[in-house]
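This is query.txt. It holds compact mmCIF, C-alpha atoms.
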# COMPACT_ATOMS: atom_id res chain seq x y z
CA MET A 9 0.00 0.00 0.00
CA ALA A 10 1.23 3.50 -0.77
CA ALA A 11 2.49 5.44 2.23
CA SER A 12 0.26 8.41 1.40
CA GLU A 13 -2.81 6.21 1.53
CA SER A 14 -1.91 3.94 4.44
CA TYR A 15 -3.01 3.88 8.06
CA GLN A 16 -5.52 6.70 8.07
CA ASN A 17 -8.27 4.75 9.87
CA GLU A 18 -10.34 4.53 6.70
CA PHE A 19 -11.42 0.96 6.12
CA PRO A 20 -13.19 -0.35 3.02
CA ILE A 21 -16.82 -1.27 3.54
CA LEU A 22 -16.32 -4.71 2.00
CA ALA A 23 -13.68 -7.13 3.20
CA THR A 24 -11.60 -7.35 0.04
CA PRO A 25 -8.21 -9.11 -0.07
CA GLN A 26 -6.66 -5.62 0.06
CA SER A 27 -8.57 -4.72 3.23
CA VAL A 28 -7.58 -7.98 4.91
CA ARG A 29 -3.94 -7.35 3.94
CA TYR A 30 -4.27 -3.89 5.47
CA LEU A 31 -5.67 -5.38 8.67
CA ASN A 32 -2.82 -7.86 8.90
CA GLU A 33 -0.28 -5.09 8.40
CA ILE A 34 -1.85 -3.19 11.29
CA ARG A 35 -1.73 -6.37 13.39
CA ALA A 36 1.92 -6.83 12.49
CA LEU A 37 2.78 -3.23 13.43
CA ASN A 38 1.06 -3.70 16.80
CA ALA A 39 2.91 -6.93 17.47
CA LEU A 40 6.26 -5.35 16.63
CA PHE A 41 5.51 -2.24 18.66
CA ARG A 42 4.46 -4.15 21.77
CA SER A 43 7.31 -6.66 21.58
CA GLY A 44 10.10 -4.29 20.53
CA GLY A 45 10.86 -6.48 17.53
CA MET A 46 11.03 -10.17 16.63
CA SER A 47 12.10 -12.59 13.96
CA ARG A 48 9.98 -13.32 10.90
CA ALA A 49 9.21 -16.77 12.25
CA ASP A 50 8.05 -15.45 15.61
CA LEU A 51 5.91 -12.79 13.93
CA ALA A 52 4.29 -15.41 11.70
CA ARG A 53 3.42 -17.50 14.77
CA MET A 54 2.02 -14.51 16.63
CA LEU A 55 -0.18 -13.49 13.69
CA GLY A 56 -1.26 -17.04 12.89
CA LEU A 57 -0.02 -16.69 9.31
CA ASN A 58 2.28 -18.76 7.15
CA ARG A 59 5.81 -17.50 6.50
CA SER A 60 5.12 -16.54 2.89
CA THR A 61 2.18 -14.31 3.85
CA THR A 62 4.16 -12.82 6.72
CA GLY A 63 7.05 -12.14 4.34
CA ASN A 64 4.73 -10.20 2.03
CA ILE A 65 3.43 -8.15 4.96
CA ILE A 66 6.96 -7.32 6.07
CA ALA A 67 7.95 -6.38 2.52
CA ASN A 68 5.02 -3.96 2.28
CA LEU A 69 5.85 -2.39 5.64
CA MET A 70 9.50 -2.04 4.67
CA ALA A 71 8.49 -0.42 1.38
CA ASP A 72 6.50 2.13 3.38
CA ALA A 73 9.58 2.68 5.62
CA LEU A 74 7.62 1.61 8.70
CA VAL A 75 9.82 -1.32 9.75
CA VAL A 76 13.50 -2.17 9.42
CA GLU A 77 15.70 -5.24 9.66
CA ARG A 78 18.14 -5.34 12.56
CA PRO A 79 21.02 -7.78 11.96
CA ASN A 80 22.19 -9.87 14.89
CA GLY A 81 18.80 -9.74 16.55
CA GLY A 82 17.05 -12.52 18.44
CA ARG A 83 17.06 -16.03 17.09
CA GLY A 84 13.36 -16.63 17.63
CA GLU A 85 11.74 -19.32 19.74
CA GLY A 86 12.20 -22.12 17.24
CA ALA A 87 15.62 -21.22 15.90
CA ALA A 88 18.69 -23.32 16.44
CA LYS A 89 20.91 -22.24 19.29
CA THR A 90 24.08 -22.44 17.23
CA GLY A 91 25.28 -20.63 14.14
CA ARG A 92 24.69 -17.09 13.02
CA PRO A 93 22.01 -15.12 14.91
CA GLY A 94 18.90 -14.23 13.00
CA ILE A 95 17.50 -10.90 11.92
CA ASN A 96 14.84 -9.05 13.88
CA ILE A 97 12.09 -6.99 12.30
CA GLU A 98 11.50 -3.80 14.28
CA ILE A 99 9.49 -0.62 14.06
CA ASP A 100 11.48 2.10 12.28
CA PRO A 101 11.33 5.11 14.63
CA ALA A 102 11.81 7.47 11.67
CA GLY A 103 8.76 6.03 9.93
CA ALA A 104 6.34 8.63 11.34
CA THR A 105 6.08 11.64 13.64
CA PHE A 106 3.16 12.59 15.87
CA LEU A 107 2.62 15.90 17.67
CA GLY A 108 0.86 16.63 20.93
CA ALA A 109 0.11 20.10 22.27
CA GLU A 110 -1.24 21.23 25.63
CA ILE A 111 -3.05 24.50 26.26
CA GLY A 112 -2.90 24.75 30.03
CA VAL A 113 -4.00 27.49 32.39
CA ASP A 114 -0.53 28.99 32.71
CA ARG A 115 1.68 27.19 30.20
CA LEU A 116 1.81 25.91 26.62
CA THR A 117 3.62 22.73 25.59
CA VAL A 118 4.36 20.88 22.35
CA VAL A 119 5.96 17.43 22.15
CA ALA A 120 6.93 15.24 19.19
CA ILE A 121 7.20 11.46 19.25
CA ASP A 122 8.41 8.98 16.64
CA LEU A 123 6.86 5.75 15.36
CA ALA A 124 8.31 3.85 18.31
CA ALA A 125 6.40 6.29 20.59
CA HIS A 126 9.60 7.83 21.95
CA GLU A 127 9.57 11.55 22.66
CA PHE A 128 12.36 13.37 20.82
CA ARG A 129 11.37 17.05 21.02
CA ARG A 130 9.68 19.21 23.63
CA VAL A 131 8.95 22.94 23.69
CA SER A 132 7.26 24.49 26.72
CA THR A 133 6.73 28.05 27.87
CA PRO A 134 4.85 29.83 30.66
CA PHE A 135 1.79 31.58 29.27
CA PRO A 136 -1.23 32.93 31.24
CA VAL A 137 -3.97 31.61 28.95
CA PHE A 138 -6.79 32.78 31.21
CA ASP A 139 -5.50 36.37 31.21
CA GLN A 140 -4.75 36.62 27.48
CA PRO A 141 -7.04 37.02 24.44
CA LEU A 142 -7.96 33.79 22.68
CA ASP A 143 -6.11 34.78 19.51
CA GLU A 144 -2.89 35.43 21.47
CA ALA A 145 -2.94 31.93 22.94
CA LEU A 146 -3.70 30.32 19.57
CA ASP A 147 -1.00 32.31 17.79
CA ARG A 148 1.55 31.29 20.41
CA ILE A 149 0.75 27.57 20.39
CA VAL A 150 0.78 27.52 16.58
CA ALA A 151 4.15 29.30 16.57
CA MET A 152 5.47 26.58 18.88
CA LEU A 153 4.03 23.88 16.62
CA ALA A 154 5.62 25.56 13.62
CA GLU A 155 9.00 25.60 15.39
CA VAL A 156 8.80 21.84 15.90
CA ILE A 157 7.51 21.13 12.38
CA ASP A 158 10.29 23.24 10.83
CA SER A 159 12.85 21.15 12.72
CA LEU A 160 11.64 17.83 11.26
CA SER A 161 13.86 16.19 8.69
CA ASP A 162 10.86 14.79 6.78
CA VAL A 163 7.59 16.69 7.15
CA ALA A 164 5.92 14.12 4.90
CA ARG A 165 6.21 11.66 7.78
CA LEU A 166 4.12 13.87 10.07
CA ARG A 167 0.97 11.82 10.74
CA GLY A 168 -1.13 13.78 13.20
CA LEU A 169 -1.59 16.43 15.89
CA CYS A 170 -3.72 16.28 19.03
CA VAL A 171 -4.33 19.46 21.04
CA THR A 172 -5.28 18.97 24.69
CA LEU A 173 -6.84 21.41 27.14
CA PRO A 174 -9.00 21.47 30.30
CA ALA A 175 -12.41 21.60 28.64
CA LEU A 176 -15.66 19.89 27.81
CA LEU A 177 -15.46 19.11 24.09
CA ASP A 178 -17.85 17.93 21.43
CA ALA A 179 -17.03 15.21 18.92
CA ASP A 180 -15.85 17.74 16.32
CA GLY A 181 -13.23 19.35 18.55
CA LYS A 182 -15.31 22.34 19.60
CA VAL A 183 -14.80 23.69 23.10
CA ILE A 184 -18.18 23.67 24.81
CA ASN A 185 -16.93 24.99 28.12
CA ALA A 186 -13.41 25.58 29.41
CA LEU A 187 -14.32 27.59 32.49
CA ILE A 188 -10.86 27.54 34.01
CA ILE A 189 -9.27 29.28 31.00
CA GLY A 190 -12.34 31.38 30.18
CA TRP A 191 -13.25 29.79 26.82
CA ARG A 192 -16.73 28.85 25.62
CA ASP A 193 -18.03 27.78 22.20
CA VAL A 194 -14.60 27.84 20.53
CA ASP A 195 -14.14 25.86 17.32
CA LEU A 196 -10.59 25.03 18.30
CA LYS A 197 -9.91 22.39 15.68
CA THR A 198 -10.86 24.74 12.84
CA LEU A 199 -8.90 27.66 14.31
CA ILE A 200 -5.72 25.60 14.77
CA SER A 201 -6.10 24.00 11.35
CA GLY A 202 -6.52 27.36 9.63
CA ARG A 203 -3.45 28.86 11.26
CA LEU A 204 -1.29 25.85 10.41
CA ALA A 205 -2.55 25.83 6.81
CA ALA A 206 -1.51 29.48 6.47
CA ARG A 207 2.01 28.63 7.67
CA PHE A 208 2.35 25.33 5.81
CA PRO A 209 0.36 25.42 2.55
CA GLY A 210 -0.33 21.95 1.26
CA LEU A 211 0.33 20.21 4.57
CA GLU A 212 -2.50 17.75 5.19
CA LEU A 213 -2.31 17.11 8.91
CA PRO A 214 -5.01 15.15 10.77
CA ILE A 215 -5.92 17.20 13.86
CA SER A 216 -7.76 16.09 16.95
CA VAL A 217 -8.74 17.86 20.18
CA GLU A 218 -8.87 16.04 23.53
CA ASN A 219 -9.55 16.75 27.19
CA ASP A 220 -6.23 17.09 29.02
CA ALA A 221 -7.05 14.57 31.75
CA ASN A 222 -8.06 11.94 29.19
CA ALA A 223 -4.78 12.54 27.37
CA PHE A 224 -2.92 12.19 30.68
CA ALA A 225 -4.63 8.83 31.24
CA ILE A 226 -3.54 7.64 27.80
CA ALA A 227 0.06 8.75 28.43
CA GLU A 228 0.14 6.93 31.76
CA THR A 229 -1.15 3.60 30.44
CA TYR A 230 -0.10 3.44 26.77
CA ARG A 231 3.06 1.40 27.29
CA ASP A 232 2.13 -0.05 30.69
CA SER A 233 0.35 -3.39 30.40
CA SER A 234 0.24 -3.91 34.19
CA HIS A 235 -3.18 -2.24 34.44
CA SER A 236 -4.70 -3.75 31.29
CA ALA A 237 -7.15 -5.99 33.15
CA GLU A 238 -8.42 -3.59 35.80
CA THR A 239 -10.18 -0.29 36.34
CA VAL A 240 -7.80 2.64 36.82
CA ALA A 241 -8.91 6.14 37.77
CA PHE A 242 -6.79 9.21 37.03
CA LEU A 243 -6.99 12.54 38.81
CA LEU A 244 -5.07 15.37 37.13
CA ILE A 245 -4.67 18.22 39.62
CA GLU A 246 -3.57 21.52 38.15
CA ASN A 247 -5.24 24.90 38.77
CA GLY A 248 -8.43 22.87 38.75
CA ALA A 249 -8.89 19.11 38.61
CA GLY A 250 -9.90 16.70 35.89
CA GLY A 251 -10.00 12.96 35.55
CA GLY A 252 -10.01 9.94 33.33
CA ILE A 253 -11.10 6.30 33.59
CA VAL A 254 -9.37 3.36 31.91
CA ILE A 255 -11.16 0.00 32.02
CA GLY A 256 -9.43 -3.06 30.64
CA GLY A 257 -6.84 -0.90 28.91
CA ARG A 258 -9.42 1.30 27.16
CA LEU A 259 -10.42 4.87 27.93
CA PHE A 260 -14.01 5.02 29.19
CA ARG A 261 -15.74 8.12 27.87
CA GLY A 262 -19.36 7.71 28.95
CA SER A 263 -22.41 8.35 26.76
CA THR A 264 -21.34 11.79 25.50
CA GLY A 265 -17.60 11.77 26.16
CA PHE A 266 -17.58 13.52 29.54
CA ALA A 267 -16.88 10.61 31.91
CA GLY A 268 -14.23 11.21 34.55
CA GLU A 269 -14.94 14.84 35.42
CA PHE A 270 -13.90 14.17 39.00
CA GLY A 271 -13.13 17.82 39.64
CA GLN A 272 -16.87 18.44 39.47
CA ILE A 273 -17.75 16.08 42.34
CA VAL A 274 -19.86 18.21 44.66
CA LEU A 275 -18.51 18.42 48.20
CA GLY A 276 -20.78 21.26 49.28
CA SER A 277 -20.17 24.59 51.01
CA GLU A 278 -18.22 27.14 48.99
CA GLY A 279 -14.86 25.47 48.62
CA PHE A 280 -11.72 27.49 49.20
CA TYR A 281 -11.32 29.18 45.85
CA GLY A 282 -14.23 29.98 43.57
CA GLY A 283 -12.79 32.37 41.00
CA ARG A 284 -12.64 30.01 38.03
CA HIS A 285 -14.37 27.01 39.60
CA LYS A 286 -17.89 25.98 40.48
CA PRO A 287 -18.14 26.77 44.22
CA GLY A 288 -18.16 23.68 46.41
CA HIS A 289 -16.89 21.33 43.69
CA LEU A 290 -13.85 19.18 44.41
CA GLU A 291 -11.46 21.29 42.33
CA SER A 292 -12.37 24.34 44.42
CA TYR A 293 -10.88 22.46 47.40
CA ILE A 294 -7.85 20.67 45.91
CA GLY A 295 -6.73 22.59 42.78
CA LYS A 296 -3.59 24.72 42.77
CA ASP A 297 -5.59 27.93 43.03
CA ALA A 298 -7.38 26.53 46.09
CA VAL A 299 -4.35 25.16 47.93
CA LEU A 300 -2.35 28.36 47.45
CA ALA A 301 -5.27 30.51 48.62
CA ARG A 302 -5.52 28.24 51.68
CA TYR A 303 -1.76 28.44 52.31
CA ARG A 304 -1.77 32.22 52.21
CA ALA A 305 -4.89 32.42 54.39
CA ASN A 306 -3.14 30.21 56.96
CA GLY A 307 -0.41 32.84 57.29
CA ALA A 308 2.11 32.21 54.51
CA ASP A 309 3.66 34.94 52.37
CA PRO A 310 0.90 36.49 50.17
CA ASN A 311 3.06 35.80 47.12
CA ALA A 312 3.96 32.20 48.04
CA ASP A 313 3.81 29.72 45.17
CA LEU A 314 3.53 25.94 45.00
CA ASP A 315 7.28 25.37 44.95
CA GLN A 316 7.61 27.34 48.17
CA LEU A 317 4.81 25.30 49.75
CA LEU A 318 6.53 22.04 48.83
CA ALA A 319 9.87 23.30 50.15
CA ALA A 320 8.19 24.36 53.40
CA LEU A 321 6.64 20.91 53.74
CA GLU A 322 10.07 19.31 53.33
CA ALA A 323 11.27 21.54 56.16
CA GLY A 324 8.30 20.62 58.38
CA ASP A 325 6.91 24.16 58.52
CA ALA A 326 3.74 24.22 60.64
CA ILE A 327 1.73 26.44 58.27
CA ALA A 328 2.61 24.24 55.31
CA VAL A 329 1.77 21.05 57.23
CA ARG A 330 -1.61 22.46 58.27
CA THR A 331 -2.34 23.48 54.68
CA ALA A 332 -1.42 20.06 53.32
CA ARG A 333 -3.62 18.30 55.88
CA GLU A 334 -6.59 20.49 55.01
CA TRP A 335 -5.96 19.82 51.33
CA GLY A 336 -5.75 16.10 52.06
CA GLY A 337 -9.10 16.20 53.83
CA GLY A 338 -10.81 17.49 50.69
CA LEU A 339 -8.92 15.02 48.51
CA ALA A 340 -10.00 12.11 50.73
CA ILE A 341 -13.68 13.01 50.41
CA GLY A 342 -13.37 13.15 46.63
CA LEU A 343 -11.51 9.84 46.44
CA ILE A 344 -14.08 8.16 48.69
CA GLN A 345 -16.87 9.11 46.28
CA LEU A 346 -14.81 8.19 43.25
CA SER A 347 -13.92 4.80 44.74
CA SER A 348 -17.44 4.00 45.88
CA VAL A 349 -18.77 4.45 42.35
CA LEU A 350 -15.94 3.01 40.22
CA ASN A 351 -14.19 0.56 42.58
CA PRO A 352 -10.83 1.17 40.87
CA GLY A 353 -7.86 -1.04 41.60
CA VAL A 354 -5.53 1.95 41.24
CA ILE A 355 -5.92 5.71 41.46
CA ILE A 356 -3.11 7.68 39.81
CA LEU A 357 -2.61 11.32 40.78
CA GLY A 358 -0.90 13.66 38.33
CA GLY A 359 -0.29 17.34 37.70
CA THR A 360 1.63 20.00 39.56
CA VAL A 361 -0.29 19.57 42.83
CA ALA A 362 0.01 15.76 43.05
CA PRO A 363 3.39 15.87 44.92
CA LEU A 364 1.48 17.15 47.99
CA PHE A 365 -0.01 13.69 48.42
CA ARG A 366 3.14 12.05 49.74
CA PHE A 367 3.08 14.37 52.76
CA VAL A 368 -0.46 13.32 53.74
CA ALA A 369 -0.79 9.86 52.18
CA GLU A 370 -1.33 8.00 55.46
CA GLU A 371 -3.97 10.48 56.63
CA VAL A 372 -5.84 10.40 53.30
CA GLU A 373 -5.86 6.60 53.18
CA ALA A 374 -6.96 6.36 56.82
CA ALA A 375 -9.84 8.77 56.16
CA MET A 376 -10.92 6.68 53.16
CA ARG A 377 -10.84 3.43 55.14
CA ARG A 378 -13.01 4.94 57.88
CA GLU A 379 -15.75 5.71 55.37
CA PHE A 380 -15.67 2.51 53.31
CA LEU A 381 -18.09 -0.26 54.15
CA GLU A 382 -16.46 -3.18 55.93
CA GLY A 383 -14.88 -5.41 53.31
CA PHE A 384 -14.69 -2.71 50.59
CA PRO A 385 -11.20 -2.88 49.06
CA MET A 386 -8.83 0.04 49.38
CA PRO A 387 -7.48 1.17 46.00
CA LYS A 388 -3.77 1.63 45.55
CA ILE A 389 -2.94 5.34 45.21
CA GLU A 390 0.10 6.32 43.13
CA ILE A 391 1.71 9.58 42.00
CA SER A 392 2.41 9.79 38.27
CA ALA A 393 6.02 10.05 37.15
CA LEU A 394 5.12 11.79 33.88
CA GLY A 395 5.81 15.35 34.99
CA LEU A 396 4.16 18.52 33.73
CA GLU A 397 4.01 17.53 30.07
CA GLY A 398 1.84 14.43 30.54
CA PRO A 399 -1.21 15.76 28.63
CA ALA A 400 0.87 16.92 25.66
CA LEU A 401 2.61 13.55 25.50
CA GLY A 402 -0.78 11.86 25.76
CA GLY A 403 -2.02 13.90 22.83
CA ALA A 404 0.83 12.67 20.64
CA LEU A 405 0.21 9.09 21.80
CA ILE A 406 -3.47 9.38 20.90
CA MET A 407 -2.48 10.06 17.29
CA HIS A 408 0.03 7.20 17.44
CA GLN A 409 -2.74 4.94 18.73
CA ARG A 410 -4.99 5.92 15.83
CA MET A 411 -2.39 4.89 13.30
CA PHE A 412 -2.08 1.51 15.04
CA SER A 413 -5.84 0.96 15.32
CA ILE A 414 -8.56 -0.18 12.98
CA ASP A 415 -12.27 -0.88 13.17
CA GLU A 416 -12.29 -4.62 12.65
CA SER A 417 -16.11 -4.64 12.61
CA ALA A 418 -15.93 -3.32 9.06
CA ILE A 419 -14.45 -6.67 8.03
CA TYR A 420 -17.62 -8.42 9.11
CA ALA A 421 -19.85 -6.09 7.10
CA SER A 422 -19.05 -8.14 4.03
CA ALA A 423 -21.69 -10.56 2.82
CA GLN A 424 -18.94 -13.08 2.13
CA PRO A 425 -17.19 -14.82 5.02
CA ILE A 426 -13.51 -13.88 5.11
CA ASN A 427 -10.69 -15.70 6.89
CA LEU A 428 -8.90 -12.83 8.60
CA PHE A 429 -5.72 -14.87 8.91
CA GLN A 430 -5.21 -15.59 5.24
CA ILE A 431 -4.70 -13.28 2.29
Translate the structure described by the file into structure tokens.
Amino acid sequence: MAASESYQNEFPILATPQSVRYLNEIRALNALFRSGGMSRADLARMLGLNRSTTGNIIANLMADALVVERPNGGRGEGAAKTGRPGINIEIDPAGATFLGAEIGVDRLTVVAIDLAAHEFRRVSTPFPVFDQPLDEALDRIVAMLAEVIDSLSDVARLRGLCVTLPALLDADGKVINALIIGWRDVDLKTLISGRLAARFPGLELPISVENDANAFAIAETYRDSSHSAETVAFLLIENGAGGGIVIGGRLFRGSTGFAGEFGQIVLGSEGFYGGRHKPGHLESYIGKDAVLARYRANGADPNADLDQLLAALEAGDAIAVRTAREWGGGLAIGLIQLSSVLNPGVIILGGTVAPLFRFVAEEVEAAMRREFLEGFPMPKIEISALGLEGPALGGALIMHQRMFSIDESAIYASAQPINLFQI
């Protein structure tokens, strides 16, 4: 298949020999990606295909510059243990590039990953999105995207861009409500696409828009198979708070795509910071705006920031400890409600505020146990190691995932039975 026509998630309605070949090539790419590479014989066994068919698949993928041969690779399970080592077939990292961009409350980030899903470029800058006109934010993020695109050795290998932000989104990439950055009814996908088209005439770049917490969940689980059989909840705590749910390795979106809005769990009262939040919702108790307002109200420097709070906690400062405990009390109530509904095996905390948890972990977990019914299992609570750029990385991985995915149900739309494992 021609590279310009391949892997765009468009599947023929009828299961022709070409469509089955396409499906098997996608299956082969997935096998090579997950394994890190294998011999032709091992790949044939994994796909359930004969060696001749597997050889044709590999030849097509090599012609599209998506896989490469690596001499002196593994011998394969059935190979002799003596003589010259075999040749592995591996994903060619240079075969494609995917971009992810994050529009946060106070920073903008762009990352680029290769076909092996390794990040190789990152650009990030502080930017007060809430306090700046919409056009200023869009111009800046597009300038950052252009900087990364201009640095690519082969723009033709650019396969997609996903822009993430803290917002409720419709299926077409329109921002319905992004209260925390002050945006409503913004056709973000069209605005980004238009600006990129003006800078790069003729560049046909698939663009997607995703909630930042969902993208964070994808970034956290994409390469990690340890959670593939359980329910995992994600709580991304930045200026506000968002969430994501992964069940059996798949992102759960709910009926209209808004599942996991844990920051909107209603705790009651007014919260501690209501400026850009719904009063009394979880994020008005645990978000960065809320915890810093609480820290200052407890007697800290009026200009204290989160780094200063964390440093004060390390030093055992009484005001910082009190603030963290109050923050942990709100977090515990939110996690109790989240756990009672979803029964997750793991809850992963991410974002700039998540490091506070380690100072109050025992207290939060004790508060949760007190409220659970006897016999209700306690979820494991972890802090993400992704860092600040998790949502941007997740955006790039979403586009990577799309290239490696296909709607197999289209195969079965054919009136003629097709053996998926033969061409």
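The nearest approach to Arg366 in chain A among the residues A:Ile184, A:Ala393, A:Ile65, A:Ala332, with only C-alpha atoms taken into account, belongs to A:Ala332.
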Item to check | Polymer residues at most 10 Å from Phe367 in chain A, all atoms listed in the file, same-chain spacing of 2 or more positions, as a PyMOL selection string | outcome: chain A and resi 318+321-322+324+329+332-333+336+363-365+369-372
Checklist entry - What does the distance from CA of Asp100 in chain A to CA of Val254 in chain A come to in Å, to one decimal? => result 28.7 Å
Checklist entry - With all atoms listed in the file as the atoms that count, which of A:Gly112, A:Val240, A:Ser216, A:Ser161 lies nearest to Lys182 in chain A? => result A:Ser216
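The residue set within 6 Å of range 402-404 of chain A, counting all atoms listed in the file and dropping same-chain residues fewer than 2 places from it, reads Phe106, Leu107, Gly108, Cys170, Ala223, Phe224, Ile226, Ala227, Pro399, Ala400, Ile406 and Met407 of chain A.
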Okay, now the selection with C-alpha atoms, as a PDB file, in the frame of the given file?
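The new file again_7.pdb reads:
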ATOM      1  CA  PHE A 106       3.160  12.590  15.870  1.00  0.00           C
ATOM      2  CA  LEU A 107       2.620  15.900  17.670  1.00  0.00           C
ATOM      3  CA  GLY A 108       0.860  16.630  20.930  1.00  0.00           C
ATOM      4  CA  CYS A 170      -3.720  16.280  19.030  1.00  0.00           C
ATOM      5  CA  ALA A 223      -4.780  12.540  27.370  1.00  0.00           C
ATOM      6  CA  PHE A 224      -2.920  12.190  30.680  1.00  0.00           C
ATOM      7  CA  ILE A 226      -3.540   7.640  27.800  1.00  0.00           C
ATOM      8  CA  ALA A 227       0.060   8.750  28.430  1.00  0.00           C
ATOM      9  CA  PRO A 399      -1.210  15.760  28.630  1.00  0.00           C
ATOM     10  CA  ALA A 400       0.870  16.920  25.660  1.00  0.00           C
ATOM     11  CA  ILE A 406      -3.470   9.380  20.900  1.00  0.00           C
ATOM     12  CA  MET A 407      -2.480  10.060  17.290  1.00  0.00           C
TER      13      MET A 407
END
Residues within 7 Å of Gly288 in chain A, only C-alpha atoms, excluding chain neighbours under 4 positions, as a PDB file with C-alpha atoms, in the frame of the given file:
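Contents of result10.pdb, as written:
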ATOM      1  CA  VAL A 274     -19.860  18.210  44.660  1.00  0.00           C
ATOM      2  CA  LEU A 275     -18.510  18.420  48.200  1.00  0.00           C
ATOM      3  CA  GLY A 276     -20.780  21.260  49.280  1.00  0.00           C
ATOM      4  CA  SER A 277     -20.170  24.590  51.010  1.00  0.00           C
ATOM      5  CA  GLU A 278     -18.220  27.140  48.990  1.00  0.00           C
ATOM      6  CA  GLY A 279     -14.860  25.470  48.620  1.00  0.00           C
ATOM      7  CA  SER A 292     -12.370  24.340  44.420  1.00  0.00           C
TER       8      SER A 292
END
Item to check | Distance in Å - CA of Met411 in chain A versus CA of Ile215 in chain A | outcome: 12.8 Å
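Across A:Val361, A:Ala124, A:Val118, A:Val76, the tightest approach to Leu401 in chain A is made by A:Val118 when counting all atoms listed in the file.
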Quick one: residues within 9 Å of range 384-391 of chain A, all atoms listed in the file, excluding same-chain residues fewer than 6 positions away - as a PDB file with C-alpha atoms, keeping the file's coordinate frame?
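Saved the output as out.pdb:
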ATOM      1  CA  SER A 347     -13.920   4.800  44.740  1.00  0.00           C
ATOM      2  CA  SER A 348     -17.440   4.000  45.880  1.00  0.00           C
ATOM      3  CA  ASN A 351     -14.190   0.560  42.580  1.00  0.00           C
ATOM      4  CA  PRO A 352     -10.830   1.170  40.870  1.00  0.00           C
ATOM      5  CA  GLY A 353      -7.860  -1.040  41.600  1.00  0.00           C
ATOM      6  CA  VAL A 354      -5.530   1.950  41.240  1.00  0.00           C
ATOM      7  CA  ILE A 355      -5.920   5.710  41.460  1.00  0.00           C
ATOM      8  CA  ILE A 356      -3.110   7.680  39.810  1.00  0.00           C
ATOM      9  CA  LEU A 357      -2.610  11.320  40.780  1.00  0.00           C
ATOM     10  CA  GLY A 358      -0.900  13.660  38.330  1.00  0.00           C
ATOM     11  CA  ALA A 362       0.010  15.760  43.050  1.00  0.00           C
ATOM     12  CA  PRO A 363       3.390  15.870  44.920  1.00  0.00           C
ATOM     13  CA  PHE A 365      -0.010  13.690  48.420  1.00  0.00           C
ATOM     14  CA  ARG A 366       3.140  12.050  49.740  1.00  0.00           C
ATOM     15  CA  ALA A 369      -0.790   9.860  52.180  1.00  0.00           C
ATOM     16  CA  GLU A 373      -5.860   6.600  53.180  1.00  0.00           C
ATOM     17  CA  MET A 376     -10.920   6.680  53.160  1.00  0.00           C
ATOM     18  CA  ARG A 377     -10.840   3.430  55.140  1.00  0.00           C
TER      19      ARG A 377
END
Checklist entry - Counting all atoms listed in the file, which of A:Met70, A:Ala267, A:Ala109, A:Ala49 gets nearest to Gly94 in chain A? => result A:Ala49
Checklist entry - Using all atoms listed in the file, which residues sit within 12 Å of Leu166 in chain A once same-chain residues fewer than 4 positions away are excluded, as a PyMOL selection string? => result chain A and resi 11-12+102-108+120-123+153+156-162+211-215+404+407-408+411
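Atom pair CA of Gly257 in chain A / CA of Ser43 in chain A has a distance of 16.9 Å (rounded to one decimal).
Closest to Asp220 in chain A among A:Asp325, A:Asp309, A:Glu397, A:Glu144 is A:Glu397, based on only C-alpha atoms.
Nearest residue to Gly398 in chain A among A:Ile255, A:Ala323, A:Ala175, A:Ile245 is A:Ile245, counting all atoms listed in the file.
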